[in-house]
Every structure is written in structure tokens, then in C-alpha cells.
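Asks: Structure: entry-v5.cif, mmCIF, C-alpha atoms and all ligand atoms.
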```
data_coords
#
loop_
_atom_site.label_atom_id
_atom_site.label_comp_id
_atom_site.auth_asym_id
_atom_site.auth_seq_id
_atom_site.Cartn_x
_atom_site.Cartn_y
_atom_site.Cartn_z
CA MET A 1154 -63.74 5.13 -38.91
CA VAL A 1155 -61.71 7.76 -40.78
CA ALA A 1156 -64.25 8.34 -43.56
CA VAL A 1157 -67.81 7.39 -44.42
CA LEU A 1158 -70.30 8.00 -47.21
CA ARG A 1159 -72.68 10.68 -46.00
CA CYS A 1160 -75.95 11.69 -47.63
CA MET A 1161 -75.98 15.35 -48.64
CA GLU A 1162 -79.77 15.46 -48.15
CA CYS A 1163 -80.58 13.59 -44.94
CA GLY A 1164 -77.17 12.98 -43.36
CA ASN A 1165 -77.46 9.18 -43.37
CA LYS A 1166 -74.09 7.47 -43.19
CA TYR A 1167 -72.86 4.34 -44.95
CA PRO A 1168 -69.55 2.45 -44.85
CA LEU A 1169 -67.07 3.74 -47.39
CA GLU A 1170 -66.56 0.20 -48.70
CA GLU A 1171 -70.24 -0.23 -49.55
CA THR A 1172 -70.88 -0.12 -53.29
CA ARG A 1173 -73.62 2.45 -53.30
CA PHE A 1174 -74.35 5.40 -55.58
CA ARG A 1175 -77.18 7.09 -53.69
CA CYS A 1176 -78.71 7.20 -50.24
CA ASP A 1177 -81.91 5.26 -49.57
CA CYS A 1178 -83.65 8.66 -49.68
CA GLY A 1179 -82.29 9.29 -53.17
CA GLY A 1180 -79.79 11.92 -52.08
CA LEU A 1181 -76.26 12.14 -53.39
CA LEU A 1182 -73.43 10.82 -51.25
CA ASP A 1183 -70.31 12.66 -50.22
CA VAL A 1184 -67.15 11.28 -48.64
CA SER A 1185 -67.14 12.64 -45.10
CA HIS A 1186 -63.86 12.60 -43.21
CA ASP A 1187 -63.40 12.45 -39.46
CA LEU A 1188 -61.15 15.49 -39.42
CA GLY A 1189 -60.65 15.25 -35.67
CA SER A 1190 -58.77 11.99 -36.08
CA LEU A 1191 -56.45 13.36 -38.76
CA ARG A 1192 -53.27 15.23 -37.96
CA LEU A 1193 -53.29 17.83 -40.68
CA SER A 1194 -51.44 21.07 -41.09
CA ARG A 1195 -50.57 23.58 -43.76
CA GLY A 1196 -46.94 22.60 -43.28
CA LEU A 1197 -47.70 18.94 -44.04
CA PHE A 1198 -49.24 19.77 -47.42
CA ASP A 1199 -46.73 22.49 -48.27
CA GLY A 1200 -43.88 20.12 -47.55
CA ARG A 1201 -45.24 17.66 -50.08
CA SER A 1202 -45.38 20.23 -52.88
CA CYS A 1203 -41.79 19.41 -53.80
CA GLU A 1204 -41.94 15.75 -52.82
CA CYS A 1205 -40.28 13.31 -55.15
CA GLY A 1206 -39.70 9.58 -55.24
CA PRO A 1207 -40.19 6.54 -57.45
CA GLU A 1208 -43.91 6.33 -56.78
CA PRO A 1209 -45.89 8.61 -59.18
CA TRP A 1210 -48.39 9.55 -56.48
CA ARG A 1211 -45.64 11.31 -54.56
CA ARG A 1212 -45.54 13.88 -57.39
CA SER A 1213 -49.32 14.15 -57.67
CA GLY A 1214 -51.06 17.40 -56.90
CA VAL A 1215 -54.09 15.35 -55.88
CA TRP A 1216 -52.48 12.81 -53.56
CA ARG A 1217 -50.50 15.56 -51.94
CA PHE A 1218 -53.71 16.01 -49.97
CA ARG A 1219 -54.34 12.28 -49.65
CA GLU A 1220 -55.72 12.34 -46.11
CA LEU A 1221 -58.49 14.62 -47.37
CA VAL A 1222 -59.00 12.76 -50.64
CA LEU A 1223 -59.38 9.09 -49.79
CA PRO A 1224 -58.10 6.89 -46.98
CA VAL A 1225 -56.46 4.15 -49.00
CA ASP A 1226 -53.30 2.07 -48.85
CA GLU A 1227 -50.61 3.99 -50.74
CA ASP A 1228 -49.63 0.84 -52.63
CA LEU A 1229 -53.05 0.92 -54.31
CA ILE A 1230 -52.85 4.46 -55.65
CA VAL A 1231 -53.13 4.71 -59.45
CA SER A 1232 -51.42 7.93 -60.52
CA ARG A 1233 -49.70 9.17 -63.68
CA PRO A 1234 -49.14 11.68 -61.77
CA GLU A 1235 -51.75 14.43 -62.18
CA GLY A 1236 -52.55 17.85 -60.77
CA GLY A 1237 -49.94 20.36 -59.77
CA THR A 1238 -50.50 22.11 -63.08
CA PRO A 1239 -48.66 25.41 -63.52
CA LEU A 1240 -49.92 28.94 -63.15
CA TYR A 1241 -49.04 31.18 -66.07
CA ARG A 1242 -48.89 34.84 -65.26
CA SER A 1243 -50.64 37.05 -67.77
CA PRO A 1244 -49.95 40.81 -67.56
CA ALA A 1245 -52.32 41.39 -70.48
CA LEU A 1246 -55.23 39.71 -68.69
CA ALA A 1247 -54.29 41.52 -65.49
CA ARG A 1248 -54.60 44.86 -67.26
CA TRP A 1249 -57.88 43.82 -68.85
CA VAL A 1250 -59.52 42.83 -65.55
CA GLY A 1251 -57.90 45.69 -63.62
CA LEU A 1252 -55.74 43.64 -61.25
CA ALA A 1253 -52.08 43.95 -60.38
CA TRP A 1254 -51.50 40.23 -60.78
CA PHE A 1255 -53.40 37.62 -62.75
CA ALA A 1256 -52.45 34.06 -63.63
CA VAL A 1257 -54.09 31.24 -65.52
CA LYS A 1258 -53.92 27.65 -64.31
CA HIS A 1259 -53.44 25.35 -67.29
CA GLU A 1260 -55.35 22.14 -66.59
CA GLY A 1261 -54.57 20.99 -70.13
CA GLU A 1262 -51.16 20.00 -68.81
CA ASN A 1263 -52.63 17.09 -66.90
CA PRO A 1264 -51.57 13.63 -68.20
CA THR A 1265 -54.45 13.17 -70.66
CA GLY A 1266 -54.95 16.86 -71.32
CA SER A 1267 -57.89 17.54 -69.06
CA PHE A 1268 -58.84 18.21 -65.47
CA LYS A 1269 -60.74 14.90 -65.47
CA ASP A 1270 -57.48 13.22 -64.44
CA ARG A 1271 -57.83 14.75 -60.99
CA GLY A 1272 -60.99 12.81 -60.25
CA MET A 1273 -60.08 9.77 -62.30
CA THR A 1274 -56.95 8.99 -60.28
CA VAL A 1275 -59.21 8.74 -57.22
CA GLY A 1276 -61.99 6.82 -58.98
CA VAL A 1277 -59.72 4.20 -60.50
CA THR A 1278 -57.73 3.90 -57.28
CA TRP A 1279 -60.90 3.14 -55.40
CA ALA A 1280 -62.06 0.71 -58.08
CA LYS A 1281 -58.74 -1.10 -57.67
CA ALA A 1282 -59.06 -1.07 -53.90
CA MET A 1283 -62.53 -2.58 -54.19
CA GLY A 1284 -61.28 -5.35 -56.45
CA ALA A 1285 -62.97 -4.16 -59.65
CA LYS A 1286 -61.96 -6.00 -62.82
CA ALA A 1287 -63.06 -3.29 -65.24
CA VAL A 1288 -64.13 0.32 -65.26
CA ALA A 1289 -66.76 1.91 -67.46
CA CYS A 1290 -68.16 5.30 -68.29
CA ALA A 1291 -70.45 7.13 -70.67
CA SER A 1292 -68.51 9.99 -72.12
CA THR A 1293 -68.29 12.39 -75.01
CA GLY A 1294 -64.55 12.71 -74.75
CA ASN A 1295 -62.13 13.57 -72.03
CA THR A 1296 -63.65 11.46 -69.25
CA ALA A 1297 -63.32 8.36 -71.42
CA ALA A 1298 -59.75 9.21 -72.37
CA SER A 1299 -58.87 9.73 -68.74
CA MET A 1300 -60.57 6.54 -67.56
CA ALA A 1301 -58.85 4.54 -70.28
CA ALA A 1302 -55.45 5.97 -69.37
CA TYR A 1303 -55.81 5.23 -65.69
CA GLY A 1304 -57.50 1.88 -66.19
CA ALA A 1305 -54.56 0.80 -68.34
CA LEU A 1306 -52.29 1.23 -65.32
CA THR A 1307 -54.14 -1.42 -63.33
CA PRO A 1308 -53.06 -4.98 -64.16
CA GLU A 1309 -56.25 -6.25 -62.56
CA ALA A 1310 -58.50 -4.51 -65.07
CA GLU A 1311 -59.41 -6.36 -68.23
CA GLY A 1312 -60.14 -3.16 -70.09
CA ASP A 1313 -62.07 0.01 -70.11
CA PHE A 1314 -65.47 0.48 -71.55
CA ASP A 1315 -66.29 3.66 -73.31
CA ALA A 1316 -70.00 3.82 -73.91
CA ALA A 1317 -70.29 6.99 -75.92
CA ALA A 1318 -68.78 8.97 -78.71
CA PRO A 1319 -65.60 10.85 -77.93
CA GLY A 1320 -64.11 13.26 -80.44
CA PRO A 1321 -61.30 11.97 -82.64
CA GLY A 1322 -58.55 13.52 -80.54
CA TYR A 1323 -59.65 11.88 -77.34
CA LEU A 1324 -60.52 8.71 -79.19
CA GLY A 1325 -56.91 8.26 -80.16
CA GLY A 1326 -55.82 8.59 -76.55
CA SER A 1327 -58.39 6.06 -75.43
CA LEU A 1328 -57.34 3.58 -78.11
CA ARG A 1329 -53.74 3.73 -77.04
CA SER A 1330 -54.83 2.83 -73.54
CA GLY A 1331 -56.69 -0.27 -74.67
CA THR A 1332 -60.30 0.83 -74.56
CA LEU A 1333 -63.28 -1.16 -75.78
CA PHE A 1334 -65.71 1.12 -77.59
CA LEU A 1335 -69.37 0.29 -77.36
CA GLU A 1336 -69.57 3.29 -79.60
CA LEU A 1337 -71.99 5.33 -81.53
CA LEU A 1338 -69.88 5.20 -84.65
CA GLU A 1339 -72.67 6.38 -86.88
CA ARG A 1340 -72.98 9.63 -84.97
CA VAL A 1341 -69.41 10.82 -85.09
CA SER A 1342 -67.25 12.23 -87.79
CA LEU A 1343 -64.01 10.28 -87.86
CA PRO A 1344 -60.99 10.14 -90.15
CA PRO A 1345 -61.41 7.15 -92.54
CA GLY A 1346 -58.44 5.21 -91.12
CA LEU A 1347 -59.63 5.54 -87.56
CA ARG A 1348 -63.17 4.57 -88.51
CA SER A 1349 -62.04 1.40 -90.28
CA LEU A 1350 -59.83 0.49 -87.32
CA LEU A 1351 -62.75 0.87 -84.92
CA GLU A 1352 -65.00 -1.14 -87.20
CA GLU A 1353 -62.43 -3.93 -87.27
CA ILE A 1354 -62.30 -3.90 -83.48
CA ARG A 1355 -66.08 -3.95 -83.27
CA ALA A 1356 -66.26 -6.85 -85.70
CA GLY A 1357 -63.75 -8.78 -83.62
CA ARG A 1358 -61.14 -8.88 -86.37
CA ARG A 1359 -58.71 -6.91 -84.25
CA SER A 1360 -58.12 -6.99 -80.51
CA TRP A 1361 -58.92 -3.95 -78.44
CA ARG A 1362 -56.69 -5.05 -75.62
CA LYS A 1363 -53.43 -3.24 -75.31
CA ARG A 1364 -51.77 -6.10 -73.47
CA SER A 1365 -53.06 -9.00 -75.52
ZN ZN A 1401 -80.39 10.49 -47.55
#
```
Translate this structure into C-alpha cells?

Replies:
Amino acid sequence: MVAVLRCMECGNKYPLEETRFRCDCGGLLDVSHDLGSLRLSRGLFDGRSCECGPEPWRRSGVWRFRELVLPVDEDLIVSRPEGGTPLYRSPALARWVGLAWFAVKHEGENPTGSFKDRGMTVGVTWAKAMGAKAVACASTGNTAASMAAYGALTPEAEGDFDAAAPGPGYLGGSLRSGTLFLELLERVSLPPGLRSLLEEIRAGRRSWRKRS
């Protein structure tokens, strides 16, 4: 087996395909790869840094390392693509910290504006591989926006469920992706138009599904 779920506390192993969030001992699970069976090299990953092609995952800074991320059929990968965000050199910061060279990696240039896209591409890909019909999360903002954006790319999913209260900026992104809000509307400050739209959706007077 190329990869298994391995308990970070006791070392117990479980099949990767098993829907399980914790070990029987309560420990968290990590994806453990059989590195000996993988033919990996620096050259392999470097060569993919300028890879292109019709499939978005070929331009992903996450799936560039796909053997180390998740062993999954490439046809199942859900990517926008993400990662590969630029480094911006900053001479001013370099002077301030006393280094000859200093650069800032701008994760805000991911598809939904946050680093959460890096994990979400893997999470939604695996949900798709496991035959999930919907994805859900509790979020205060960018996780929900990211899940909604990636969930919208999967024709199998009926929608995304956002169980918390994202800020207005992220809320807009989630709405565009077709998210159902199980919201905490009373707890958030929203522009009047957006609030009335959400209340209409909640009351069933307007569909939340992008594709309906
Ligand atoms: Zn354990």
C-alpha cells in the first residue's frame, strides 16, 4: 500500500479509504507514505514547476508534489489551480531584519485569496474520490469560501454547507459558489442587501444552488 492513515500517538495504521477522523486511542491521524515505493527526486518536482496543460492540477503548486500529497487518480483531482504563489522581494524588509535578501510569499494570490486553498484542493479531491455528495465545514471565513469554491467544481456535490459566520467579503465568495448557509445571521454585521438576500435563501424564497 502506498499510503495509510497512521496515528501520531500510538502508531496504529488504518486504510486510507477508511472514513475515520481519529485513532481508537484518540490520537490524530496523519497520512503516512511508503516512501521506499515511490520514485522521487528533486528533478521530478523541479521539472513540474513550469508544467502546463489543459488540466488545472498540472499548474498547481500543491499537486506538483502529488506523490507526497495524496495517492489519487489524476482524473479526480479538484484544482483551480492553487499554490505556486509568488515571492516578492523586499529590500526595505531586508534592511530592517539585517539580511542581504528578503522576500515575502503572497498567499493572498491563491484562487480564493487565502492559503486555505492549498489544503482544500486535497480535501475536496479526497471527498470526491470517496464518493461524497456534499462537503461541510464550520468556519469564520476563508475556510468556508475555499470549500465552497472547490465544492462548486465537483458535479457530484449537491452543495456546500457553511455552518458559521464568515465576514462579508468571504461571504460573497461563498455565495457565488453556491453555498448553503446554516448561518448565525444575528451575530454578524452585514450590508443590508446581502442580509436580505441571505434571509430570502434561508426562508426558501430563493435557491442557494448555483446550478439550479
Ligand atoms: Zn492511536

Asks: Which distance in Å separates atom CA of Asn1165 of chain A and atom CA of Leu1181 of chain A, to one decimal?

Replies: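 The value is 10.5 Å.
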
Asks: Work out how far atom CA of Arg1217 of chain A is from atom CA of Glu1204 of chain A, in Å to one decimal.

Replies: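 A separation of 8.6 Å between them.
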
Asks: Let me have all residues with an atom within 8 Å of ligand ZN 1401 (chain A), counting all atoms listed in the file, laid out as a PyMOL selection string.

Replies: chain A and resi 1159-1165+1175-1182

Asks: May I ask which of the residues A:Gly1237, A:Gly1196, A:Gly1304, A:Gly1346 is the closest one to Met1273 of chain A, counting only C-alpha atoms?

Replies: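 Nearest candidate to Met1273 of chain A out of A:Gly1237, A:Gly1196, A:Gly1304, A:Gly1346: A:Gly1304.
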
Asks: Would you compute the distance between atom CA of Val1184 of chain A and atom CA of Glu1171 of chain A? Give it in Å to one decimal.

Replies: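 Rounded to one decimal, the two atoms are 12.0 Å apart.
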
Asks: From the options A:Gly1266, A:Pro1224, A:Gly1294, A:Gly1261, which residue's atoms come nearest to Pro1239 of chain A, counting all atoms listed in the file?

Replies: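 Closest residue, counting all atoms listed in the file: A:Gly1261.
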
Asks: Which residues, written as a list in words, have at least one atom at most 12 Å from Asp1228 of chain A, with all atoms listed in the file counted and residues fewer than 4 positions away on the same chain left out?

Replies: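 Using all atoms listed in the file, the neighbours found are Glu1208, Pro1209, Trp1210, Arg1211, Pro1224, Ser1232, Thr1278, Trp1279, Lys1281, Ala1282 and Thr1307 of chain A.
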